[in-house]
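Coordinates as given in protein03.json (JSON, C-alpha atoms):
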[["chain", "number", "residue", "atom", "x", "y", "z"],
["A", 5, "MET", "CA", 69.78, -119.03, 7.12],
["A", 6, "THR", "CA", 71.15, -119.14, 3.59],
["A", 7, "TYR", "CA", 68.16, -121.12, 2.36],
["A", 8, "ILE", "CA", 65.72, -118.69, 3.99],
["A", 9, "MET", "CA", 67.49, -115.72, 2.41],
["A", 10, "PHE", "CA", 67.45, -117.50, -0.96],
["A", 11, "LEU", "CA", 63.71, -118.11, -0.67],
["A", 12, "LEU", "CA", 63.07, -114.50, 0.35],
["A", 13, "LEU", "CA", 65.09, -113.13, -2.57],
["A", 14, "PHE", "CA", 63.42, -115.58, -4.97],
["A", 15, "GLY", "CA", 59.99, -114.49, -3.71],
["A", 16, "LEU", "CA", 61.05, -110.85, -4.11],
["A", 17, "ILE", "CA", 61.96, -111.43, -7.77],
["A", 18, "LEU", "CA", 58.73, -113.35, -8.44],
["A", 19, "GLY", "CA", 56.68, -110.59, -6.80],
["A", 20, "LEU", "CA", 58.41, -107.92, -8.89],
["A", 21, "VAL", "CA", 57.75, -109.91, -12.05],
["A", 22, "GLY", "CA", 54.11, -110.27, -11.00],
["A", 23, "VAL", "CA", 53.78, -106.51, -10.50],
["A", 24, "ALA", "CA", 55.53, -105.63, -13.76],
["A", 25, "SER", "CA", 53.57, -108.05, -15.92],
["A", 26, "ASN", "CA", 50.03, -107.56, -14.70],
["A", 27, "PRO", "CA", 47.79, -104.82, -16.12],
["A", 28, "SER", "CA", 45.05, -105.32, -13.51],
["A", 29, "PRO", "CA", 45.38, -103.13, -10.39],
["A", 30, "TYR", "CA", 43.93, -105.83, -8.13],
["A", 31, "PHE", "CA", 46.69, -108.34, -8.76],
["A", 32, "ALA", "CA", 49.38, -105.67, -9.00],
["A", 33, "ALA", "CA", 48.47, -104.47, -5.50],
["A", 34, "LEU", "CA", 48.70, -108.06, -4.25],
["A", 35, "GLY", "CA", 52.10, -108.38, -5.89],
["A", 36, "LEU", "CA", 53.29, -105.19, -4.22],
["A", 37, "VAL", "CA", 52.27, -106.52, -0.81],
["A", 38, "VAL", "CA", 54.22, -109.73, -1.51],
["A", 39, "VAL", "CA", 57.24, -107.68, -2.58],
["A", 40, "ALA", "CA", 57.02, -105.59, 0.58],
["A", 41, "GLY", "CA", 56.83, -108.69, 2.76],
["A", 42, "MET", "CA", 59.77, -110.36, 1.06],
["A", 43, "GLY", "CA", 61.87, -107.18, 1.14],
["A", 44, "CYS", "CA", 61.20, -106.74, 4.84],
["A", 45, "GLY", "CA", 62.16, -110.38, 5.36],
["A", 46, "VAL", "CA", 65.48, -109.68, 3.64],
["A", 47, "LEU", "CA", 65.96, -106.70, 5.96],
["A", 48, "VAL", "CA", 65.29, -108.91, 8.98],
["A", 49, "GLY", "CA", 67.84, -111.40, 7.68],
["A", 50, "HIS", "CA", 70.46, -108.67, 7.49],
["A", 51, "GLY", "CA", 69.88, -107.48, 11.04],
["A", 52, "GLY", "CA", 67.21, -104.77, 10.84],
["A", 53, "PRO", "CA", 64.05, -106.10, 12.51],
["A", 54, "PHE", "CA", 62.81, -102.77, 13.86],
["A", 55, "LEU", "CA", 63.33, -100.96, 10.57],
["A", 56, "SER", "CA", 61.66, -103.85, 8.76],
["A", 57, "LEU", "CA", 58.62, -103.76, 11.02],
["A", 58, "VAL", "CA", 58.17, -100.00, 10.69],
["A", 59, "LEU", "CA", 58.66, -100.13, 6.92],
["A", 60, "PHE", "CA", 56.19, -102.99, 6.54],
["A", 61, "LEU", "CA", 53.48, -101.32, 8.63],
["A", 62, "ILE", "CA", 53.83, -97.96, 6.89],
["A", 63, "TYR", "CA", 53.96, -99.58, 3.46],
["A", 64, "LEU", "CA", 50.89, -101.70, 4.12],
["A", 65, "GLY", "CA", 48.98, -98.60, 5.23],
["A", 66, "GLY", "CA", 49.95, -96.83, 2.02],
["A", 67, "MET", "CA", 49.09, -99.88, -0.06],
["A", 68, "LEU", "CA", 45.65, -100.02, 1.52],
["A", 69, "VAL", "CA", 44.99, -96.48, 0.33],
["A", 70, "VAL", "CA", 46.43, -97.18, -3.15],
["A", 71, "PHE", "CA", 44.40, -100.37, -3.46],
["A", 72, "ALA", "CA", 41.21, -98.56, -2.47],
["A", 73, "TYR", "CA", 41.78, -95.85, -5.08],
["A", 74, "SER", "CA", 42.77, -98.28, -7.80],
["A", 75, "ALA", "CA", 39.83, -100.59, -7.08],
["A", 76, "ALA", "CA", 37.42, -97.66, -7.11],
["A", 77, "LEU", "CA", 38.75, -96.21, -10.36],
["A", 78, "ALA", "CA", 39.38, -99.43, -12.30],
["A", 79, "ALA", "CA", 35.81, -100.81, -12.53],
["A", 80, "GLU", "CA", 36.85, -103.90, -14.49],
["A", 81, "PRO", "CA", 34.22, -106.66, -14.38],
["A", 82, "TYR", "CA", 36.69, -109.36, -15.51],
["A", 83, "PRO", "CA", 40.29, -108.39, -14.73],
["A", 84, "GLU", "CA", 43.13, -110.32, -16.32],
["A", 85, "THR", "CA", 44.84, -112.78, -13.96],
["A", 86, "TRP", "CA", 48.40, -114.06, -13.86],
["A", 87, "GLY", "CA", 47.31, -117.19, -15.74],
["A", 88, "SER", "CA", 45.82, -115.42, -18.76],
["A", 89, "GLY", "CA", 47.66, -115.49, -22.09],
["A", 90, "PRO", "CA", 49.20, -112.02, -22.51],
["A", 91, "VAL", "CA", 50.14, -111.74, -18.85],
["A", 92, "ALA", "CA", 51.80, -115.17, -18.87],
["A", 93, "VAL", "CA", 53.85, -114.13, -21.92],
["A", 94, "TYR", "CA", 54.98, -110.95, -20.15],
["A", 95, "MET", "CA", 55.90, -112.96, -17.05],
["A", 96, "ALA", "CA", 57.96, -115.41, -19.13],
["A", 97, "VAL", "CA", 59.78, -112.57, -20.90],
["A", 98, "TYR", "CA", 60.55, -110.78, -17.62],
["A", 99, "LEU", "CA", 61.77, -113.99, -15.95],
["A", 100, "LEU", "CA", 63.98, -114.71, -18.98],
["A", 101, "GLY", "CA", 65.42, -111.18, -18.68],
["A", 102, "VAL", "CA", 66.13, -111.71, -14.98],
["A", 103, "LEU", "CA", 67.84, -115.05, -15.73],
["A", 104, "LEU", "CA", 69.99, -113.46, -18.45],
["A", 105, "ALA", "CA", 70.97, -110.56, -16.19],
["A", 106, "SER", "CA", 71.79, -112.92, -13.32],
["A", 107, "SER", "CA", 73.94, -115.09, -15.61],
["A", 108, "VAL", "CA", 76.01, -112.03, -16.47],
["A", 109, "PHE", "CA", 76.66, -111.20, -12.80],
["A", 110, "TRP", "CA", 76.75, -114.78, -11.48],
["A", 111, "GLY", "CA", 80.50, -114.95, -10.81],
["A", 112, "GLY", "CA", 80.62, -112.03, -8.39],
["A", 113, "TRP", "CA", 77.95, -113.12, -5.91],
["A", 114, "TYR", "CA", 78.76, -115.52, -3.12],
["A", 115, "GLU", "CA", 76.83, -116.82, -0.15],
["A", 116, "ALA", "CA", 79.48, -115.43, 2.21],
["A", 117, "SER", "CA", 78.19, -111.93, 1.50],
["A", 118, "TRP", "CA", 74.88, -112.80, 3.19],
["A", 119, "ILE", "CA", 76.28, -112.20, 6.69],
["A", 120, "PRO", "CA", 73.85, -110.43, 9.05],
["A", 121, "ALA", "CA", 74.68, -106.92, 10.22],
["A", 122, "ASP", "CA", 74.30, -107.70, 13.96],
["A", 123, "GLU", "CA", 76.40, -110.84, 14.02],
["A", 124, "LEU", "CA", 78.04, -109.79, 17.28],
["A", 125, "GLY", "CA", 74.84, -108.37, 18.73],
["A", 126, "GLU", "CA", 75.20, -110.08, 22.10],
["A", 127, "PHE", "CA", 78.24, -107.92, 22.88],
["A", 128, "SER", "CA", 76.47, -104.65, 22.10],
["A", 129, "VAL", "CA", 74.06, -102.55, 24.15],
["A", 130, "PHE", "CA", 72.31, -100.96, 21.14],
["A", 131, "ARG", "CA", 71.21, -102.46, 17.86],
["A", 132, "GLY", "CA", 72.24, -100.93, 14.56],
["A", 133, "ASP", "CA", 68.77, -100.26, 13.23],
["A", 134, "VAL", "CA", 67.53, -98.48, 16.40],
["A", 135, "GLY", "CA", 70.55, -96.19, 16.27],
["A", 136, "GLY", "CA", 69.75, -95.43, 12.64],
["A", 137, "VAL", "CA", 66.15, -94.50, 13.50],
["A", 138, "ALA", "CA", 67.39, -92.15, 16.23],
["A", 139, "LEU", "CA", 69.83, -90.57, 13.79],
["A", 140, "MET", "CA", 67.07, -90.18, 11.20],
["A", 141, "TYR", "CA", 64.95, -88.18, 13.62],
["A", 142, "SER", "CA", 67.80, -86.09, 15.04],
["A", 143, "ALA", "CA", 69.93, -85.25, 11.99],
["A", 144, "GLY", "CA", 67.30, -85.80, 9.32],
["A", 145, "GLY", "CA", 64.36, -84.01, 10.93],
["A", 146, "GLY", "CA", 64.19, -81.34, 8.24],
["A", 147, "MET", "CA", 64.13, -83.90, 5.46],
["A", 148, "LEU", "CA", 61.43, -85.81, 7.34],
["A", 149, "LEU", "CA", 59.25, -82.68, 7.44],
["A", 150, "ILE", "CA", 59.84, -82.01, 3.73],
["A", 151, "SER", "CA", 58.91, -85.62, 2.92],
["A", 152, "ALA", "CA", 55.69, -85.37, 4.94],
["A", 153, "TRP", "CA", 54.80, -82.14, 3.13],
["A", 154, "VAL", "CA", 55.46, -83.72, -0.28],
["A", 155, "LEU", "CA", 53.27, -86.72, 0.58],
["A", 156, "LEU", "CA", 50.44, -84.44, 1.68],
["A", 157, "LEU", "CA", 50.76, -82.39, -1.50],
["A", 158, "THR", "CA", 50.77, -85.57, -3.59],
["A", 159, "LEU", "CA", 47.59, -86.73, -1.89],
["A", 160, "PHE", "CA", 45.81, -83.49, -2.81],
["A", 161, "VAL", "CA", 47.12, -83.62, -6.39],
["A", 162, "VAL", "CA", 45.88, -87.19, -6.85],
["A", 163, "LEU", "CA", 42.50, -86.32, -5.37],
["A", 164, "GLU", "CA", 42.19, -83.33, -7.71],
["A", 165, "LEU", "CA", 43.22, -85.35, -10.76],
["A", 166, "THR", "CA", 40.74, -88.14, -10.05],
["A", 167, "ARG", "CA", 37.88, -85.80, -9.22],
["A", 168, "GLY", "CA", 36.38, -85.95, -12.71],
["A", 169, "LEU", "CA", 33.24, -83.90, -13.30],
["A", 170, "SER", "CA", 32.95, -82.70, -9.69],
["A", 171, "ARG", "CA", 31.51, -85.99, -8.52],
["A", 172, "GLY", "CA", 34.37, -87.00, -6.26],
["A", 173, "SER", "CA", 37.04, -89.60, -6.62],
["A", 174, "LEU", "CA", 34.60, -92.53, -6.62],
["A", 175, "ARG", "CA", 33.11, -91.75, -10.00],
["A", 176, "ALA", "CA", 32.80, -95.44, -11.01],
["A", 177, "VAL", "CA", 30.26, -96.15, -8.27]]
In structure tokens, write the structure found in this file.
Amino acid sequence: MTYIMFLLLFGLILGLVGVASNPSPYFAALGLVVVAGMGCGVLVGHGGPFLSLVLFLIYLGGMLVVFAYSAALAAEPYPETWGSGPVAVYMAVYLLGVLLASSVFWGGWYEASWIPADELGEFSVFRGDVGGVALMYSAGGGMLLISAWVLLLTLFVVLELTRGLSRGSLRAV
């Protein structure tokens, strides 16, 4: 389990570096999907499979919309890949920064802290993540409605900003 968590966290860092270093929206969207998958894998490793599944499905739906908008508005015939010169330099600089930051905090992290949340799950009737989802809907219902309203408002603002000269959001086509 420790090796799987190490690989998931390593993939999460590599995906974040890929998103931060790439100017092309095509590859940045791919990097975000990799980061979402790795982050949800870390959540599963810590005992939250239901929360991880819901987060991954909702995030992939949102990423599909973001990728469609970015692909429609980018209109790059030859986008820069992760192997091109400037992007590779950015990736090397970001990985060097991550290595320097991890060397500063290296002494305080141990593998014993990677214990799953539901270690004694066979003695329990309910799982921790399902109880958290129920609490989110019961006690956090007002915040859930406010968040839905903000997302709807953001969608209309983005559509208005990308409208251009009254030709719709797909002006590159």
*With distances taken over all atoms listed in the file, which of A:Phe14, A:Thr85, A:Leu103, A:Leu55 is nearest to Ala138 of chain A?*
A:Leu55
*List the neighbours of segment 88-92 of chain A out to 8 Å using all atoms listed in the file; skip same-chain residues closer than 5 positions along the sequence, and give me the result as JSON, numbers by chain.*
{"A": [25, 26, 27]}
*Which residue gives the smallest distance to Leu163 of chain A among A:Met9, A:Leu64, A:Leu16, A:Val70, with all atoms listed in the file counted?*
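Between A:Met9, A:Leu64, A:Leu16, A:Val70, the residue approaching Leu163 of chain A most closely is A:Val70.
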_Just the number, please: distance in Å from atom CA of Val21 of chain A to atom CA of Leu99 of chain A, one decimal._
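Atom CA of Leu99 of chain A lies at a distance of 6.9 Å from atom CA of Val21 of chain A.
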*Record the distance separating atom CA of Leu155 of chain A and atom CA of Val48 of chain A, expressed in Å with one decimal.*
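According to the coordinates, atom CA of Leu155 of chain A and atom CA of Val48 of chain A are separated by 26.6 Å.
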*asked:* Could you tell me how far atom CA of Thr158 of chain A sits from atom CA of Gly52 of chain A, in Å to one decimal place?
replied: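 Distance between the two atoms: 29.1 Å.
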*Could you give me, as an MDAnalysis selection string, the residues within 12 Å of Ile62 of chain A, counting all atoms listed in the file and dropping anything in the same chain fewer than 5 positions from it?*
chainID A and resid 37 40:41 44 55:57 67:69
